[in-house]
Every structure is written in structure tokens, then in C-alpha cells.
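Written out below as C-alpha cells is the structure these notes cover.
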Protein chains: 2
Amino acid sequence: MENDSKEKLLQTAIELFADDGFDKTSIRQLAAKANVNSALISYHFGSKQGLYQAAVEKQLQILVDFTQKAQNGENSPIDILELYAATMLKIHTENPYFIKLCYREFIAPSAILEAFAQNHLKYVFEIIAKALHRGIEEGLFRQDLDVDAAVILWAGMVNFFFFSRPIRSRIKDEKSLPATTYLTQTLDIFLSGIKRRD
Amino acid sequence: MENDSKEKLLQTAIELFADDGFDKTSIRQLAAKANVNSALISYHFGSKQGLYQAAVEKQLQILVDFTQKAQNGENSPIDILELYAATMLKIHTENPYFIKLCYREFIAPSAILEAFAQNHLKYVFEIIAKALHRGIEEGLFRQDLDVDAAVILWAGMVNFFFFSRPIRSRIKDEKSLPATTYLTQTLDIFLSGIKRRD
DNA sequence: GTCTATATTGCGATAGAC
DNA sequence: GTCTATCGCAATATAGAC
């Protein structure tokens, strides 16, 4: 029971900070929802800011998995593209709070994300870039492909579906499209778009 | 000079709310930067919230231009796709505060964006969907194209470049790619990806 | 329309008992 | 580790003079 309150605070923080943002979430709300005393936030995490940092870092940790999987094992260029899409799908499926919590940080990065960008995100981009370069060498992709643009493009194609979900759900009569349908179609279009032309 | 303070407050609000967010911006800061008395915020806009609403609505207004331009005049399917990209480029070039202010709303939509989604954004999606359908009928695009997916895809390809700018600028050694280069390449890849296959 | 002064609320943090 | 009680601060909003 001893460290239970710490874990409960962390999980509640992910939910509340994601839904309401850092400033609109008070330590009193947080403590009430987690069923612990509000003074324990300072005790366990130093401050409200410290708790927020722990929450964001815990969510971002999932992205590290991609880097590790992508670097281990033999992966063809297309494998890497598929792996990135599958990782993002997994993240958003298993972690409903990732979008709000982390995308907020993407728009206005704090020191937390600054560090993460340097230490991890950088390699996500690099891995995809390397896969595209290899695809060009192997004659799979167009010789004139602008790799820098294509990396952002692929990340965008995959991410925007999740990013735009909150707003799309607000549009009346908007059909809800399954993520897998979208991603399959997306990979297909991207690959036909970048493949070598005859 | 009479209504000058109102206009100055609005412009300052766009800048500060975009940079620091609603909660981290105080009416005192706002008033100081705009060189007006803080009580004038309540006088002109009712409340801090009212000023925020006015700021977001002013920025979103630019998107309405797209709907109007796209609906007037003869536009081929490809014209529409290009027009959307050009509109977004124009928005982000002329309005450096659009990303932070409006994308924040996209992630956690308030009542303001809720209304905007129903009244305007809906039609942006519809216009692109209609263009894609027409392209299929005319034999330009693949018969098996999933239009719902492709609409999100095109919006994502165009938007993610701007959305990811803040975080990309934090990655060391990341080259800054001109928006026009990206968008040209993007249209090219998207069109080859969705065109009819022989 | 603009200003000063202030009422009121809610926040994060912590001292100190258990 | 957990709790109560409270301090000190900064926020928005507004009443009322000019």
C-alpha cells in the first residue's frame, strides 16, 4: 500500500493533464480524483510541475519502443515504414491520453520535450530517412525523391489521422473511419507515390 | 484614437495567447504589452475569455476564404487540391500565430471551435471529398480510392509540415525545409499515389 | 472610454502533528 | 507516508471617479 499513492497520482495526472491541460488542473482536483492527499504531490514529485513532467515522460516512453524495434532485426525499407505506422497505431490504441498530452507538447514544447526531441525523436526521423535512402539505392523508390520532405510526409500521413480525431468527431455526419482502413490505404498511396517510375 | 485600444488588445491577444496559452497569459501582461489599461479588456470584450474567443475567431476567419474561393469559379479536382495547399501555405506564411493558437484548439476544442467545425470546417472536408469523387468519375484517380481516407490524408500531408515545425526546429542538425519545396513534392507524391493505375 | 483601487477567489506549497 | 491547517501570492473582475 505504501507507494500506491504515487502510482495512482501518476495515472490520474496523465488523465487530467491530458483532458484539461496543466493550468486548468489543480492539485486539489488531482488529489481528489486519485483519492490521496494533495500534499503527497509535493512529497512524491516535488511539485505539480514535477508530476506533470513524470506524466509526459511516461507517455513519451512508448515512442522509444519504436527506435529499439526498428534498430534490431533485419528490416526492409517498407518494413520500417510499416513499423512506424504500426507503432503509432499501437500508441493511440493503447493510450487514449497520448494525443492530448503529448501533441500539446509538440505544439508548444517545454523543456521536457526539448530533451526528448534531442534524445529520441531525432532518431525516429533518422530511421525513416535511412529507410528511404536505402529504398532509393535499391531501386524501389524514385531517384529524385526528396528524402527530407518524404520523412515529414510519412510522419504526417500517419499522425494526422490521430491528431485530427478530436475535431473530426465534432463534425456532424462525419463517418468514423477505422484507423486500420486509413493506414492501409495510406501506405498504399504513399508507396505508389514514391516508387520508381518507369 | 477611440477604438484603437480594442484593436490593439485583439492583436496582442493573438500573439500572447498563441505563445503562452490562455491560462499562462494574464490580463495584466496583455494590457501592459498592448499599452492599455487592463480594465478595458472587460469593457471591450466582457472578460478575458471573451477576448480569447475574439482572437481565435479572427484567426479562423482566414480559413473561410478557402471555402469561398473553392466554391466560386471553375476548379478541376487537381485545382482544388492545389488551392487547399496554397491556402494553408498562405495562412501560415502571413499568420505566424495561427499554428499555436488554432492547433491548440484542434487538440482540445472549446465551444468556439465546436461551432466553427460545424459551420465551416465541415465544408472544407466536403469540398475536398467532392473533388476526389469527381476525379474518380473523370478517370483521373483510382476507382478503388477510399475518399474518406484520402481527404484526411491530403489534409494531413499539407498540415503536418506546419504542425511539426515547432518540434522539428528543436532537433539539432535538422535542416529547415522550405514549405514550397515540401508542398510541391507532396502534391506530386499524392497525385501519383491516387492516379488511375494502368 | 479610460483610469485607480480594491473585492474576492483560488491557487501551489509547506510546517508540523501523527 | 499521510494528514490538517494555513500562509502568501497572483489571478480576474468591477465599482466608481474622471
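FYI, nothing fancy with the C-alpha cells labels: chains A, B, ... in order, residues from 1 per chain, ligands from 1 as they appear.
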
Using only C-alpha atoms (C1' of nucleotides), which residues sit within 10 Å of Trp154 (chain B) once same-chain residues fewer than 2 positions away are excluded, as a PyMOL selection string?
(chain A and resi 156-157+160) or (chain B and resi 81+84-85+128+149-152+156-159+186-187+190)

Would you put the residues from that selection into a file with N, CA and C atoms, as a PDB file, in the first residue's frame?
```pdb
ATOM      1  N   GLY A 156       3.514  12.674 -41.218  1.00  0.00           N
ATOM      2  CA  GLY A 156       2.267  13.443 -41.271  1.00  0.00           C
ATOM      3  C   GLY A 156       1.077  12.609 -41.675  1.00  0.00           C
ATOM      4  N   MET A 157       1.270  11.778 -42.681  1.00  0.00           N
ATOM      5  CA  MET A 157       0.181  10.922 -43.153  1.00  0.00           C
ATOM      6  C   MET A 157      -0.309  10.021 -42.030  1.00  0.00           C
ATOM      7  N   PHE A 160      -1.566  12.548 -38.687  1.00  0.00           N
ATOM      8  CA  PHE A 160      -2.693  13.486 -38.790  1.00  0.00           C
ATOM      9  C   PHE A 160      -4.037  12.821 -38.553  1.00  0.00           C
TER      10      PHE A 160
ATOM     11  N   LEU B  81      -7.235  20.561 -54.906  1.00  0.00           N
ATOM     12  CA  LEU B  81      -6.152  20.078 -54.036  1.00  0.00           C
ATOM     13  C   LEU B  81      -5.051  21.128 -53.913  1.00  0.00           C
ATOM     14  N   TYR B  84      -6.155  24.108 -51.760  1.00  0.00           N
ATOM     15  CA  TYR B  84      -6.096  23.846 -50.324  1.00  0.00           C
ATOM     16  C   TYR B  84      -4.668  24.019 -49.797  1.00  0.00           C
ATOM     17  N   ALA B  85      -3.724  23.445 -50.532  1.00  0.00           N
ATOM     18  CA  ALA B  85      -2.323  23.578 -50.121  1.00  0.00           C
ATOM     19  C   ALA B  85      -1.891  25.039 -50.136  1.00  0.00           C
ATOM     20  N   ILE B 128     -13.094  19.020 -50.548  1.00  0.00           N
ATOM     21  CA  ILE B 128     -12.016  18.122 -50.977  1.00  0.00           C
ATOM     22  C   ILE B 128     -12.584  16.750 -51.362  1.00  0.00           C
ATOM     23  N   ALA B 149     -10.789   8.386 -46.476  1.00  0.00           N
ATOM     24  CA  ALA B 149      -9.402   8.289 -46.026  1.00  0.00           C
ATOM     25  C   ALA B 149      -8.528   9.303 -46.755  1.00  0.00           C
ATOM     26  N   ALA B 150      -8.769   9.455 -48.045  1.00  0.00           N
ATOM     27  CA  ALA B 150      -7.915  10.327 -48.859  1.00  0.00           C
ATOM     28  C   ALA B 150      -8.054  11.802 -48.477  1.00  0.00           C
ATOM     29  N   VAL B 151      -9.242  12.183 -48.029  1.00  0.00           N
ATOM     30  CA  VAL B 151      -9.436  13.575 -47.600  1.00  0.00           C
ATOM     31  C   VAL B 151      -8.556  13.881 -46.387  1.00  0.00           C
ATOM     32  N   ILE B 152      -8.639  12.996 -45.397  1.00  0.00           N
ATOM     33  CA  ILE B 152      -7.816  13.180 -44.198  1.00  0.00           C
ATOM     34  C   ILE B 152      -6.340  13.147 -44.577  1.00  0.00           C
ATOM     35  N   GLY B 156      -3.760  16.011 -43.962  1.00  0.00           N
ATOM     36  CA  GLY B 156      -2.630  15.677 -43.107  1.00  0.00           C
ATOM     37  C   GLY B 156      -1.301  15.963 -43.755  1.00  0.00           C
ATOM     38  N   MET B 157      -1.171  15.592 -45.018  1.00  0.00           N
ATOM     39  CA  MET B 157       0.077  15.821 -45.737  1.00  0.00           C
ATOM     40  C   MET B 157       0.418  17.297 -45.744  1.00  0.00           C
ATOM     41  N   VAL B 158      -0.611  18.104 -45.976  1.00  0.00           N
ATOM     42  CA  VAL B 158      -0.389  19.547 -46.042  1.00  0.00           C
ATOM     43  C   VAL B 158      -0.135  20.130 -44.648  1.00  0.00           C
ATOM     44  N   ASN B 159      -0.971  19.753 -43.693  1.00  0.00           N
ATOM     45  CA  ASN B 159      -0.910  20.380 -42.373  1.00  0.00           C
ATOM     46  C   ASN B 159       0.254  19.954 -41.501  1.00  0.00           C
ATOM     47  N   THR B 186       4.959  17.025 -52.159  1.00  0.00           N
ATOM     48  CA  THR B 186       3.806  16.377 -51.568  1.00  0.00           C
ATOM     49  C   THR B 186       2.668  16.173 -52.565  1.00  0.00           C
ATOM     50  N   LEU B 187       2.378  17.216 -53.315  1.00  0.00           N
ATOM     51  CA  LEU B 187       1.321  17.112 -54.319  1.00  0.00           C
ATOM     52  C   LEU B 187       1.690  16.052 -55.348  1.00  0.00           C
ATOM     53  N   PHE B 190       1.294  12.581 -53.779  1.00  0.00           N
ATOM     54  CA  PHE B 190      -0.119  12.270 -53.562  1.00  0.00           C
ATOM     55  C   PHE B 190      -0.814  11.953 -54.896  1.00  0.00           C
TER      56      PHE B 190
END
```

As a VMD selection string, which residues of region 83-183 of chain B does DSSP assign to alpha helix (DSSP H)?
chain B and resid 83 to 94 98 to 107 111 to 116 122 to 137 147 to 163 165 to 168 179 to 183

Selection from above, C-alpha atoms, as a short mmCIF file (atom, residue, chain, number, x, y, z; two decimals), in the first residue's frame, can you write it?
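part_16.cif, written as the output of this step:
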```cif
data_model
loop_
_atom_site.label_atom_id
_atom_site.label_comp_id
_atom_site.auth_asym_id
_atom_site.auth_seq_id
_atom_site.Cartn_x
_atom_site.Cartn_y
_atom_site.Cartn_z
CA LEU B 83 -5.92 25.51 -53.72
CA TYR B 84 -6.10 23.85 -50.32
CA ALA B 85 -2.32 23.58 -50.12
CA ALA B 86 -1.91 27.16 -51.28
CA THR B 87 -4.44 28.39 -48.74
CA MET B 88 -2.70 26.65 -45.86
CA LEU B 89 0.66 27.97 -47.05
CA LYS B 90 -0.79 31.47 -47.18
CA ILE B 91 -2.28 31.16 -43.72
CA HIS B 92 0.95 30.01 -42.14
CA THR B 93 3.10 32.48 -44.04
CA GLU B 94 1.01 35.52 -43.25
CA PHE B 98 -2.13 30.52 -36.42
CA ILE B 99 -0.29 27.29 -35.61
CA LYS B 100 -0.11 27.66 -31.87
CA LEU B 101 -3.41 29.43 -31.33
CA CYS B 102 -5.62 27.32 -33.58
CA TYR B 103 -3.89 23.94 -33.41
CA ARG B 104 -4.22 24.08 -29.65
CA GLU B 105 -7.96 24.40 -30.22
CA PHE B 106 -7.89 21.49 -32.65
CA ILE B 107 -6.48 19.21 -29.98
CA ALA B 111 -17.13 25.80 -27.77
CA ILE B 112 -15.61 28.28 -30.21
CA LEU B 113 -14.08 25.62 -32.40
CA GLU B 114 -17.06 23.36 -31.96
CA ALA B 115 -19.18 25.96 -33.73
CA PHE B 116 -16.54 26.60 -36.34
CA LYS B 122 -17.22 20.63 -42.41
CA TYR B 123 -17.32 22.25 -45.83
CA VAL B 124 -13.56 22.24 -46.22
CA PHE B 125 -13.67 18.46 -45.91
CA GLU B 126 -16.70 18.26 -48.19
CA ILE B 127 -15.09 20.32 -50.91
CA ILE B 128 -12.02 18.12 -50.98
CA ALA B 129 -14.15 14.97 -50.89
CA LYS B 130 -16.23 16.22 -53.80
CA ALA B 131 -13.10 17.00 -55.81
CA LEU B 132 -11.80 13.48 -55.23
CA HIS B 133 -15.12 11.91 -56.22
CA ARG B 134 -15.15 13.96 -59.40
CA GLY B 135 -11.57 12.91 -60.13
CA ILE B 136 -12.61 9.29 -59.86
CA GLU B 137 -15.58 9.78 -62.18
CA VAL B 147 -12.35 9.04 -50.47
CA ASP B 148 -12.90 9.49 -46.73
CA ALA B 149 -9.40 8.29 -46.03
CA ALA B 150 -7.92 10.33 -48.86
CA VAL B 151 -9.44 13.58 -47.60
CA ILE B 152 -7.82 13.18 -44.20
CA LEU B 153 -4.67 12.09 -45.93
CA TRP B 154 -4.43 15.20 -48.07
CA ALA B 155 -5.24 17.50 -45.17
CA GLY B 156 -2.63 15.68 -43.11
CA MET B 157 0.08 15.82 -45.74
CA VAL B 158 -0.39 19.55 -46.04
CA ASN B 159 -0.91 20.38 -42.37
CA PHE B 160 1.64 18.20 -40.67
CA PHE B 161 4.50 20.16 -42.15
CA PHE B 162 3.34 23.23 -40.27
CA PHE B 163 2.18 21.35 -37.21
CA ARG B 165 7.57 22.85 -37.29
CA PRO B 166 7.97 23.79 -33.60
CA ILE B 167 9.28 20.37 -32.69
CA ARG B 168 11.42 19.95 -35.80
CA ALA B 179 7.41 25.00 -47.31
CA THR B 180 7.09 25.33 -51.08
CA THR B 181 9.59 22.54 -51.74
CA TYR B 182 7.69 20.32 -49.34
CA LEU B 183 4.29 21.12 -50.80
#
```

Output as an NGL selection string the set of chain D residues within 12 Å of chain A, with distances taken over only C-alpha atoms (C1' of nucleotides).
:D and (1-5)

List the neighbours of Arg196 (chain B) out to 12 Å using only C-alpha atoms (C1' of nucleotides); skip same-chain residues closer than 4 positions along the sequence, and give me the result as number ranges by chain.
A: 189, 192-193; B: 135-145, 191-192

Atoms to include: N, CA and C atoms. Write the selected residues as a PDB file, in the first residue's frame.
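The new file part-v3.pdb reads:
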```pdb
ATOM      1  N   ILE A 189      -1.053   4.393 -50.921  1.00  0.00           N
ATOM      2  CA  ILE A 189      -0.908   5.630 -51.691  1.00  0.00           C
ATOM      3  C   ILE A 189       0.509   6.172 -51.610  1.00  0.00           C
ATOM      4  N   SER A 192       2.840   3.920 -53.755  1.00  0.00           N
ATOM      5  CA  SER A 192       2.708   4.159 -55.207  1.00  0.00           C
ATOM      6  C   SER A 192       3.226   5.538 -55.573  1.00  0.00           C
ATOM      7  N   GLY A 193       3.128   6.450 -54.640  1.00  0.00           N
ATOM      8  CA  GLY A 193       3.580   7.815 -54.918  1.00  0.00           C
ATOM      9  C   GLY A 193       5.082   7.948 -54.984  1.00  0.00           C
TER      10      GLY A 193
ATOM     11  N   GLY B 135     -12.780  13.446 -59.503  1.00  0.00           N
ATOM     12  CA  GLY B 135     -11.575  12.914 -60.131  1.00  0.00           C
ATOM     13  C   GLY B 135     -11.706  11.439 -60.467  1.00  0.00           C
ATOM     14  N   ILE B 136     -12.407  10.724 -59.596  1.00  0.00           N
ATOM     15  CA  ILE B 136     -12.611   9.290 -59.855  1.00  0.00           C
ATOM     16  C   ILE B 136     -13.534   9.097 -61.060  1.00  0.00           C
ATOM     17  N   GLU B 137     -14.631   9.862 -61.056  1.00  0.00           N
ATOM     18  CA  GLU B 137     -15.580   9.780 -62.183  1.00  0.00           C
ATOM     19  C   GLU B 137     -14.918  10.105 -63.510  1.00  0.00           C
ATOM     20  N   GLU B 138     -14.081  11.119 -63.483  1.00  0.00           N
ATOM     21  CA  GLU B 138     -13.424  11.545 -64.724  1.00  0.00           C
ATOM     22  C   GLU B 138     -12.281  10.624 -65.124  1.00  0.00           C
ATOM     23  N   GLY B 139     -12.041   9.608 -64.318  1.00  0.00           N
ATOM     24  CA  GLY B 139     -10.996   8.656 -64.675  1.00  0.00           C
ATOM     25  C   GLY B 139      -9.586   9.113 -64.342  1.00  0.00           C
ATOM     26  N   LEU B 140      -9.494  10.219 -63.600  1.00  0.00           N
ATOM     27  CA  LEU B 140      -8.164  10.704 -63.202  1.00  0.00           C
ATOM     28  C   LEU B 140      -7.585   9.853 -62.079  1.00  0.00           C
ATOM     29  N   PHE B 141      -8.461   9.515 -61.116  1.00  0.00           N
ATOM     30  CA  PHE B 141      -7.993   8.806 -59.923  1.00  0.00           C
ATOM     31  C   PHE B 141      -8.487   7.353 -59.914  1.00  0.00           C
ATOM     32  N   ARG B 142      -7.823   6.571 -59.093  1.00  0.00           N
ATOM     33  CA  ARG B 142      -8.165   5.153 -58.963  1.00  0.00           C
ATOM     34  C   ARG B 142      -9.629   4.954 -58.581  1.00  0.00           C
ATOM     35  N   GLN B 143     -10.247   3.953 -59.157  1.00  0.00           N
ATOM     36  CA  GLN B 143     -11.650   3.645 -58.867  1.00  0.00           C
ATOM     37  C   GLN B 143     -11.840   3.177 -57.425  1.00  0.00           C
ATOM     38  N   ASP B 144     -10.828   2.505 -56.896  1.00  0.00           N
ATOM     39  CA  ASP B 144     -10.962   1.909 -55.555  1.00  0.00           C
ATOM     40  C   ASP B 144     -10.492   2.848 -54.453  1.00  0.00           C
ATOM     41  N   LEU B 145     -10.316   4.125 -54.784  1.00  0.00           N
ATOM     42  CA  LEU B 145      -9.837   5.088 -53.788  1.00  0.00           C
ATOM     43  C   LEU B 145     -10.873   5.260 -52.676  1.00  0.00           C
ATOM     44  N   LEU B 191      -0.537  12.774 -55.902  1.00  0.00           N
ATOM     45  CA  LEU B 191      -1.188  12.555 -57.196  1.00  0.00           C
ATOM     46  C   LEU B 191      -0.740  11.246 -57.837  1.00  0.00           C
ATOM     47  N   SER B 192       0.561  10.948 -57.775  1.00  0.00           N
ATOM     48  CA  SER B 192       0.980   9.660 -58.346  1.00  0.00           C
ATOM     49  C   SER B 192       0.395   8.513 -57.547  1.00  0.00           C
TER      50      SER B 192
END
```

Test item: residues at most 9 Å from region 7-11 of chain D, only C-alpha atoms (C1' of nucleotides), excluding those fewer than 3 positions along its chain, as a PyMOL selection string
(chain B and resi 26-27) or (chain C and resi 9-11+14)

Please provide as a list in words all residues within 12 Å of Lys24 (chain A), with the sequence filter that same-chain residues fewer than 6 positions apart are discarded (counting only C-alpha atoms (C1' of nucleotides)).
Leu16, Phe17, Ala18 and Leu30 of chain A; Gly21, Phe22, Asp23 and Lys24 of chain B; DG10 and DC11 of chain C

For chain C against chain B, with a cut-off of 12 Å and counting only C-alpha atoms (C1' of nucleotides), what is the closest atom pair and its distance in Å to one decimal for every residue that makes the cut, ordered by chain and number, as JSON lines?
```
{"residue": "C:DG1", "atom": "C1'", "partner": "B:Glu2", "partner_atom": "CA", "distance": 7.1}
{"residue": "C:DT2", "atom": "C1'", "partner": "B:Asn37", "partner_atom": "CA", "distance": 7.4}
{"residue": "C:DC3", "atom": "C1'", "partner": "B:Asn37", "partner_atom": "CA", "distance": 7.4}
{"residue": "C:DT4", "atom": "C1'", "partner": "B:Ala39", "partner_atom": "CA", "distance": 10.1}
{"residue": "C:DA5", "atom": "C1'", "partner": "B:Ala39", "partner_atom": "CA", "distance": 11.7}
```

Which residue gives the smallest distance to chain B among A:Ala117, A:Ser42, A:Lys195, A:Ile80, with only C-alpha atoms counted?
A:Ala117

Shortest interatomic distance to chain A - which of B:Asp19, B:Glu82, B:Asp65, B:Asp198, counting only C-alpha atoms
B:Asp19

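Coordinates place CA of Leu121 (chain A) at a distance of 23.5 Å from CA of Ile194 (chain A).
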
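One finds CA of Val64 (chain B) at 12.5 Å from CA of Gln118 (chain B).
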
What separation in Å, quoted to one decimal, exists between CA of Phe66 (chain B) and CA of Asp79 (chain B)?
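Result for CA of Phe66 (chain B) versus CA of Asp79 (chain B): 12.3 Å, one decimal.
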